[in-house]
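> Just one file: data13.txt, with compact mmCIF, C-alpha atoms.
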# COMPACT_ATOMS: atom_id res chain seq x y z
CA MET A 1 86.68 -81.10 -20.37
CA LYS A 2 83.03 -81.89 -19.81
CA VAL A 3 81.20 -84.70 -21.59
CA THR A 4 77.53 -85.54 -21.04
CA SER A 5 74.90 -87.47 -22.95
CA SER A 6 73.45 -84.19 -24.24
CA GLY A 7 76.77 -82.68 -25.37
CA GLY A 8 80.03 -81.41 -24.02
CA HIS A 9 82.76 -78.82 -24.26
CA VAL A 10 86.47 -78.26 -23.76
CA VAL A 11 87.88 -75.20 -22.01
CA ILE A 12 91.35 -74.13 -23.17
CA SER A 13 93.60 -71.31 -22.03
CA LYS A 14 95.25 -70.33 -25.33
CA THR A 15 94.14 -70.93 -28.90
CA ASN A 16 94.37 -69.63 -32.44
CA PHE A 17 92.20 -70.16 -35.49
CA VAL A 18 94.16 -73.19 -36.73
CA ILE A 19 93.75 -75.02 -33.42
CA ALA A 20 90.11 -74.03 -33.11
CA LEU A 21 89.14 -74.99 -36.66
CA ALA A 22 91.41 -78.04 -37.14
CA PRO A 23 88.70 -80.61 -36.25
CA TYR A 24 86.72 -79.40 -39.26
CA PHE A 25 89.47 -80.00 -41.82
CA PHE A 26 91.88 -82.50 -40.24
CA PRO A 27 90.52 -86.00 -40.98
CA LEU A 28 91.63 -87.78 -37.80
CA TYR A 29 90.09 -91.17 -38.67
CA ALA A 30 91.68 -91.15 -42.12
CA VAL A 31 95.06 -90.45 -40.51
CA ILE A 32 94.49 -93.37 -38.14
CA VAL A 33 93.76 -95.64 -41.13
CA VAL A 34 96.97 -94.47 -42.82
CA VAL A 35 99.05 -95.09 -39.69
CA VAL A 36 97.54 -98.56 -39.11
CA PHE A 37 98.12 -99.53 -42.73
CA ALA A 38 101.68 -98.15 -42.72
CA VAL A 39 102.57 -100.09 -39.58
CA GLY A 40 100.84 -103.22 -40.87
CA ASN A 41 102.66 -102.91 -44.18
CA LEU A 42 106.01 -102.65 -42.40
CA ILE A 43 105.35 -105.62 -40.14
CA TRP A 44 103.22 -107.98 -42.27
CA ASN A 45 103.72 -106.66 -45.85
CA TRP A 46 100.11 -105.64 -46.52
CA HIS A 47 100.84 -104.47 -50.08
CA GLY A 48 98.34 -107.02 -51.40
CA TYR A 49 95.60 -105.37 -49.36
CA LEU A 50 95.91 -101.97 -51.02
CA VAL A 51 92.33 -102.17 -52.29
CA TRP A 52 91.08 -102.51 -48.71
CA PHE A 53 93.26 -99.59 -47.66
CA HIS A 54 91.67 -97.39 -50.31
CA LEU A 55 88.21 -98.54 -49.24
CA PHE A 56 88.89 -97.75 -45.58
CA ILE A 57 90.53 -94.41 -46.33
CA GLY A 58 87.56 -93.41 -48.49
CA ALA A 59 85.09 -94.48 -45.80
CA ALA A 60 87.05 -92.62 -43.12
CA TYR A 61 87.19 -89.43 -45.19
CA ALA A 62 83.50 -89.71 -46.06
CA PHE A 63 82.77 -90.08 -42.35
CA HIS A 64 84.88 -86.97 -41.67
CA VAL A 65 82.99 -84.91 -44.26
CA THR A 66 79.60 -86.18 -43.08
CA LEU A 67 80.40 -85.57 -39.41
CA THR A 68 81.74 -82.09 -40.19
CA PHE A 69 78.57 -81.23 -42.12
CA HIS A 70 76.40 -82.57 -39.31
CA THR A 71 78.38 -80.67 -36.67
CA LEU A 72 78.14 -77.41 -38.59
CA GLN A 73 74.33 -77.61 -38.49
CA THR A 74 74.42 -76.48 -34.86
CA ARG A 75 75.94 -73.33 -33.38
CA GLN A 76 79.62 -73.90 -32.66
CA SER A 77 81.45 -71.44 -30.41
CA ASP A 78 84.75 -71.95 -32.25
CA ILE A 79 83.06 -70.94 -35.51
CA THR A 80 81.27 -67.90 -34.08
CA SER A 81 84.35 -66.67 -32.22
CA HIS A 82 86.32 -66.35 -35.46
CA GLY A 83 83.38 -65.32 -37.65
CA TYR A 84 81.28 -67.39 -40.01
CA LEU A 85 82.86 -66.23 -43.26
CA PHE A 86 86.46 -66.57 -42.08
CA SER A 87 85.77 -69.99 -40.56
CA ALA A 88 84.00 -71.20 -43.71
CA VAL A 89 86.94 -70.15 -45.89
CA ILE A 90 89.51 -71.78 -43.59
CA ILE A 91 87.48 -75.01 -43.33
CA PHE A 92 87.00 -75.14 -47.10
CA LEU A 93 90.65 -74.41 -47.88
CA GLY A 94 91.82 -76.84 -45.21
CA ASN A 95 89.76 -79.66 -46.74
CA VAL A 96 90.94 -78.76 -50.23
CA CYS A 97 94.57 -78.83 -49.07
CA VAL A 98 94.05 -82.20 -47.41
CA LEU A 99 92.71 -83.58 -50.68
CA LEU A 100 95.32 -81.87 -52.88
CA LEU A 101 98.17 -83.19 -50.75
CA GLY A 102 96.64 -86.43 -49.48
CA ILE A 103 95.45 -88.05 -52.69
CA PRO A 104 98.78 -87.83 -54.53
CA LEU A 105 100.67 -89.03 -51.47
CA LEU A 106 98.36 -92.01 -50.91
CA THR A 107 98.11 -93.11 -54.53
CA ALA A 108 101.11 -93.68 -56.69
CA ARG A 109 99.21 -92.82 -59.88
CA VAL A 110 99.15 -89.03 -59.64
CA GLY A 111 102.15 -86.97 -58.58
CA LEU A 112 101.92 -84.06 -56.20
CA LEU A 113 103.04 -81.57 -58.86
CA ASN A 114 100.45 -82.91 -61.34
CA SER A 115 97.71 -82.52 -58.75
CA LEU A 116 98.76 -78.96 -57.91
CA GLY A 117 99.06 -78.17 -61.63
CA TRP A 118 95.50 -79.39 -62.29
CA TRP A 119 94.30 -77.33 -59.33
CA ALA A 120 96.04 -74.19 -60.64
CA GLU A 121 94.68 -74.77 -64.15
CA SER A 122 91.11 -75.25 -62.90
CA THR A 123 91.36 -72.22 -60.64
CA GLY A 124 92.59 -70.16 -63.58
CA MET A 125 89.66 -71.31 -65.71
CA ILE A 126 87.19 -70.35 -62.98
CA LEU A 127 88.81 -66.92 -62.55
CA GLN A 128 88.67 -66.33 -66.33
CA TRP A 129 84.99 -67.31 -66.35
CA LEU A 130 84.28 -64.93 -63.45
CA GLN A 131 86.15 -62.16 -65.25
CA ARG A 132 83.94 -62.62 -68.34
CA VAL A 133 80.76 -62.71 -66.26
CA ILE A 134 81.61 -59.67 -64.18
Represent the structure contained in this file as structure tokens.


Amino acid sequence: MKVTSSGGHVVISKTNFVIALAPYFFPLYAVIVVVVFAVGNLIWNWHGYLVWFHLFIGAAYAFHVTLTFHTLQTRQSDITSHGYLFSAVIIFLGNVCVLLLGIPLLTARVGLLNSLGWWAESTGMILQWLQRVI
């Protein structure tokens, strides 16, 4: 691992596309917020601070998306090694899966099956629209 003021890199011996592209779709800071809130809720009963939890989780995910967008503005060797199109699809689908699974699990208002059902319905509508256009 090499870190300097102008940049840095990590050299690894074995990798695959999930490991290489995970930083672009795995929201580490949002996971840290969830873990801190879960532990705090177990120890100090933070249920009354749910509004703050949602604020922090939104800010952490917004930071993740912004940082990912900023990082993708420069040439990344993990993106080029797997190809731009493949990497873009994996990053997009990874972020969509995080949202499809994360939002229902973090909020008690929408169930996981409802979220997946809405996703399937919207995807079907888009495919029908594309079929009419093409």

> Quick one: residues within 12 Å of segment 33-35 of chain A, all atoms listed in the file, excluding same-chain residues fewer than 5 positions away - as number ranges by chain?

A: 27-28, 40-42, 50, 52-61, 102-103, 105-107

> Have a look at A:Leu112, A:Val133, A:Val31, A:Ile79 and name the one nearest to Asn16 of chain A; count only C-alpha atoms.

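Of A:Leu112, A:Val133, A:Val31, A:Ile79, the one nearest Asn16 of chain A is A:Ile79, counting only C-alpha atoms.
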
> Compare A:Tyr49, A:Tyr24, A:Phe37, A:Phe92 by their minimum atom-to-atom distance to Leu67 of chain A, counting only C-alpha atoms, and give me the closest one.

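Using only C-alpha atoms, Leu67 of chain A sits closest to A:Tyr24.
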
> Give me the residues near Phe25 of chain A as a list in words, where near means some atom within 7 Å (using all atoms listed in the file) and where sequence neighbours in that chain fewer than 6 positions away do not count.

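The contact residues come out as Ile91, Gly94 and Asn95 of chain A.
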
> Using Å and a single decimal, report how far atom CA of Val65 of chain A sits from atom CA of Val51 of chain A.

21.2 Å

> Could you tell me how far atom CA of Ala22 of chain A lies from atom CA of Leu99 of chain A, in Å and to one decimal?

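Answer for the atom CA of Ala22 of chain A to atom CA of Leu99 of chain A separation: 14.7 Å.
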
> Using only C-alpha atoms, which residue out of A:Asn114, A:Gln131, A:Thr68, A:Asp78 lies closest to Ile12 of chain A?

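Ranking A:Asn114, A:Gln131, A:Thr68, A:Asp78 by distance to Ile12 of chain A, first place goes to A:Asp78.
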
> Please measure the separation of atom CA of Ile19 of chain A and atom CA of Ile90 of chain A, giving the value in Å to one decimal.

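Between atom CA of Ile19 of chain A and atom CA of Ile90 of chain A the gap works out to 11.5 Å.
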